[in-house]
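Participant: My structure file protein21.txt, compact mmCIF, C-alpha atoms, is below:
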```txt
# COMPACT_ATOMS: atom_id res chain seq x y z
CA MET A 201 11.88 -16.11 -19.71
CA ALA A 202 8.51 -15.00 -18.43
CA ASN A 203 7.02 -17.10 -15.65
CA SER A 204 3.28 -17.80 -15.65
CA LEU A 205 3.16 -17.21 -11.88
CA TYR A 206 4.16 -13.58 -12.38
CA ALA A 207 1.64 -13.14 -15.18
CA ARG A 208 -1.07 -14.35 -12.76
CA MET A 209 0.23 -12.01 -10.05
CA GLN A 210 0.13 -9.15 -12.56
CA ALA A 211 -3.47 -10.00 -13.47
CA ALA A 212 -4.48 -10.11 -9.79
CA ALA A 213 -2.81 -6.76 -9.14
CA GLN A 214 -4.57 -5.31 -12.20
CA ARG A 215 -7.98 -6.49 -10.95
CA LEU A 216 -7.44 -4.99 -7.48
CA ILE A 217 -6.13 -1.68 -8.81
CA ALA A 218 -9.01 -1.48 -11.31
CA LYS A 219 -11.49 -2.15 -8.48
CA TYR A 220 -10.05 0.26 -5.89
CA GLY A 221 -8.04 2.69 -8.00
CA GLN A 222 -8.64 5.90 -9.87
CA ALA A 223 -7.92 6.98 -13.39
CA GLY A 224 -4.90 9.21 -13.65
CA THR A 225 -1.83 9.91 -15.72
CA VAL A 226 1.87 9.25 -15.56
CA THR A 227 3.93 12.00 -17.18
CA ARG A 228 7.45 11.59 -18.48
CA ILE A 229 9.41 14.77 -19.07
CA ALA A 230 12.12 14.37 -21.71
CA PRO A 231 14.94 16.91 -21.42
CA PRO A 232 15.61 19.36 -24.25
CA ASP A 233 17.95 18.34 -27.05
CA PRO A 234 21.50 19.02 -25.82
CA VAL A 235 22.61 20.32 -29.23
CA ASN A 236 19.58 22.20 -30.54
CA GLY A 237 18.06 23.19 -27.19
CA GLY A 238 14.34 23.79 -27.00
CA ASP A 239 11.78 23.06 -24.36
CA PRO A 240 11.39 19.83 -22.38
CA VAL A 241 8.81 17.50 -23.92
CA GLU A 242 6.08 16.16 -21.64
CA THR A 243 4.34 12.92 -22.59
CA ALA A 244 1.33 11.82 -20.55
CA TYR A 245 0.26 8.18 -20.36
CA PRO A 246 -3.11 7.11 -18.96
CA ALA A 247 -2.81 4.88 -15.90
CA THR A 248 -4.84 3.46 -13.04
CA LEU A 249 -3.46 4.34 -9.62
CA VAL A 250 -4.22 3.75 -5.96
CA PRO A 251 -2.82 6.44 -3.64
CA MET A 252 -2.35 5.26 -0.07
CA ALA A 253 -1.00 7.09 2.96
CA TYR A 254 2.08 5.77 4.72
CA ASP A 255 1.70 4.35 8.24
CA ALA A 256 2.77 6.79 10.95
CA ARG A 257 5.63 4.46 11.96
CA GLN A 258 7.09 4.69 8.42
CA ILE A 259 7.22 8.49 8.39
CA ASP A 260 10.63 9.73 9.52
CA GLY A 261 10.37 13.30 8.21
CA THR A 262 13.39 12.94 5.94
CA VAL A 263 13.09 9.99 3.57
CA ILE A 264 9.33 9.73 3.99
CA ARG A 265 7.42 12.89 4.85
CA ALA A 266 3.92 13.17 6.26
CA THR A 267 2.55 14.38 2.91
CA ASP A 268 4.12 11.54 0.89
CA VAL A 269 1.92 8.75 -0.46
CA GLN A 270 2.48 5.25 -1.75
CA LEU A 271 1.19 4.95 -5.29
CA TYR A 272 0.22 1.54 -6.59
CA ILE A 273 0.27 1.83 -10.38
CA SER A 274 -0.93 -0.91 -12.70
CA SER A 275 1.73 -2.03 -15.15
CA VAL A 276 -0.87 -3.48 -17.54
CA GLY A 277 -1.19 -1.26 -20.60
CA LEU A 278 1.48 1.16 -19.41
CA PRO A 279 3.95 1.44 -22.31
CA ILE A 280 6.85 2.70 -20.17
CA ASP A 281 8.78 1.49 -17.16
CA LEU A 282 8.48 4.13 -14.46
CA VAL A 283 11.57 5.95 -13.24
CA PRO A 284 12.04 8.39 -10.35
CA GLN A 285 11.96 11.45 -12.63
CA ASP A 286 8.35 10.75 -13.71
CA HIS A 287 5.24 12.45 -12.30
CA ALA A 288 1.86 10.90 -11.49
CA THR A 289 -1.43 12.76 -11.34
CA VAL A 290 -4.41 11.24 -9.55
CA GLY A 291 -7.47 12.95 -8.12
CA GLY A 292 -6.24 16.31 -9.38
CA VAL A 293 -3.01 16.09 -7.36
CA THR A 294 0.40 15.75 -9.00
CA TYR A 295 3.16 13.77 -7.31
CA ALA A 296 6.83 13.53 -8.21
CA LEU A 297 7.93 9.91 -8.10
CA LEU A 298 10.92 9.48 -5.80
CA HIS A 299 11.40 5.73 -5.49
CA VAL A 300 9.88 3.24 -7.92
CA ASP A 301 9.76 -0.53 -7.44
CA PRO A 302 8.40 -2.50 -10.43
CA TYR A 303 8.05 -5.79 -8.52
CA ASN A 304 9.87 -7.45 -11.40
CA PHE A 305 10.93 -10.80 -9.97
CA ASP A 306 11.77 -12.65 -13.17
CA GLY A 307 13.31 -9.79 -15.15
CA ALA A 308 10.51 -9.88 -17.74
CA THR A 309 7.16 -9.10 -16.06
CA ASN A 310 6.46 -5.91 -14.13
CA VAL A 311 3.82 -7.12 -11.69
CA VAL A 312 2.88 -3.70 -10.30
CA PHE A 313 4.71 -0.41 -9.79
CA ILE A 314 4.84 0.79 -6.20
CA ALA A 315 6.20 4.32 -5.97
CA GLN A 316 6.79 6.93 -3.33
CA GLY A 317 5.03 10.10 -4.42
CA ARG A 318 5.78 13.56 -3.09
CA LEU A 319 3.68 16.63 -3.84
CA ALA A 320 5.13 18.31 -6.92
```
Let me see whether you can do it: turn the structure in this file into structure tokens.
Facilitator:
Amino acid sequence: MANSLYARMQAAAQRLIAKYGQAGTVTRIAPPDPVNGGDPVETAYPATLVPMAYDARQIDGTVIRATDVQLYISSVGLPIDLVPQDHATVGGVTYALLHVDPYNFDGATNVVFIAQGRLA
């Protein structure tokens, strides 16, 4: 059951990301058919993203590297739930998504996706 509080949080996140973010894309790469083979299929979805650098105290060189960024991605209008195999492109730079948190507190509403992006 969707909670109206999370819908309001989603709307607030959407407004902030629209105000401070940039247009970009999220790309999902589907593997080739295991029986017939072929090439992987890439599907790009338009998205609004805010790339932000990690604080120096968060960078440990292993899990989080100096070139990694936090990507705040609006869930409004995004037809897919992001997974770590996806890629995000913003400002002409493509990032592989490593960790994705949908901020889904009620199990029905993705408030905002916060992902760790690493240069692809």
Participant: Please, what distance in Å, to one decimal, runs between atom CA of Ala266 of chain A and atom CA of Gly291 of chain A?
Facilitator: 18.3 Å
Participant: Find the distance between atom CA of Asn310 of chain A and atom CA of Ser275 of chain A and write it in Å to one decimal.
Facilitator: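 Calculated distance between atom CA of Asn310 of chain A and atom CA of Ser275 of chain A is 6.2 Å.
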Participant: Residues near Asp281 of chain A, anyone? I mean within 12 Å using all atoms listed in the file, not counting same-chain ones fewer than 6 positions away, as JSON, numbers by chain.
Facilitator: {"A": [226, 227, 228, 245, 273, 274, 275, 300, 301, 302, 303, 304, 308, 309, 310, 311, 312, 313, 314, 315]}
Participant: Please produce a file of those selected residues containing C-alpha atoms, as an mmCIF file, in the coordinates of the input.
Facilitator:
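Saved to again_20.cif:
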```
data_model
loop_
_atom_site.group_PDB
_atom_site.id
_atom_site.type_symbol
_atom_site.label_atom_id
_atom_site.label_comp_id
_atom_site.auth_asym_id
_atom_site.auth_seq_id
_atom_site.Cartn_x
_atom_site.Cartn_y
_atom_site.Cartn_z
ATOM 1 C CA VAL A 226 1.870 9.250 -15.560
ATOM 2 C CA THR A 227 3.930 12.000 -17.180
ATOM 3 C CA ARG A 228 7.450 11.590 -18.480
ATOM 4 C CA TYR A 245 0.260 8.180 -20.360
ATOM 5 C CA ILE A 273 0.270 1.830 -10.380
ATOM 6 C CA SER A 274 -0.930 -0.910 -12.700
ATOM 7 C CA SER A 275 1.730 -2.030 -15.150
ATOM 8 C CA VAL A 300 9.880 3.240 -7.920
ATOM 9 C CA ASP A 301 9.760 -0.530 -7.440
ATOM 10 C CA PRO A 302 8.400 -2.500 -10.430
ATOM 11 C CA TYR A 303 8.050 -5.790 -8.520
ATOM 12 C CA ASN A 304 9.870 -7.450 -11.400
ATOM 13 C CA ALA A 308 10.510 -9.880 -17.740
ATOM 14 C CA THR A 309 7.160 -9.100 -16.060
ATOM 15 C CA ASN A 310 6.460 -5.910 -14.130
ATOM 16 C CA VAL A 311 3.820 -7.120 -11.690
ATOM 17 C CA VAL A 312 2.880 -3.700 -10.300
ATOM 18 C CA PHE A 313 4.710 -0.410 -9.790
ATOM 19 C CA ILE A 314 4.840 0.790 -6.200
ATOM 20 C CA ALA A 315 6.200 4.320 -5.970
#
```
Participant: Extract, using all atoms listed in the file, all DNA, RNA and protein residues at most 9 Å from Ala288 of chain A, discarding same-chain residues fewer than 5 positions from it, and format them as a list of chain:residue names.
Facilitator: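 In the requested form, the answer reads A:Gly224, A:Thr225, A:Val226, A:Thr227, A:Arg228, A:Ala247, A:Leu249, A:Leu271, A:Val293, A:Thr294, A:Tyr295, A:Ala296, A:Leu297, A:Gly317.
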Participant: Using only C-alpha atoms, which residue out of A:Gly277, A:Leu298, A:His287, A:Asp233 lies closest to Ala211 of chain A?
Facilitator: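 For Ala211 of chain A, the nearest of the candidates is A:Gly277.
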Participant: Could you check how far atom CA of Gly238 of chain A sits from atom CA of Leu278 of chain A, in Å to one decimal?
Facilitator: 27.1 Å
Participant: Out of A:Phe305, A:Tyr254, A:Tyr206, A:Tyr220, which residue has the shortest atom-to-atom distance to Thr267 of chain A when counting only C-alpha atoms?
Facilitator: A:Tyr254
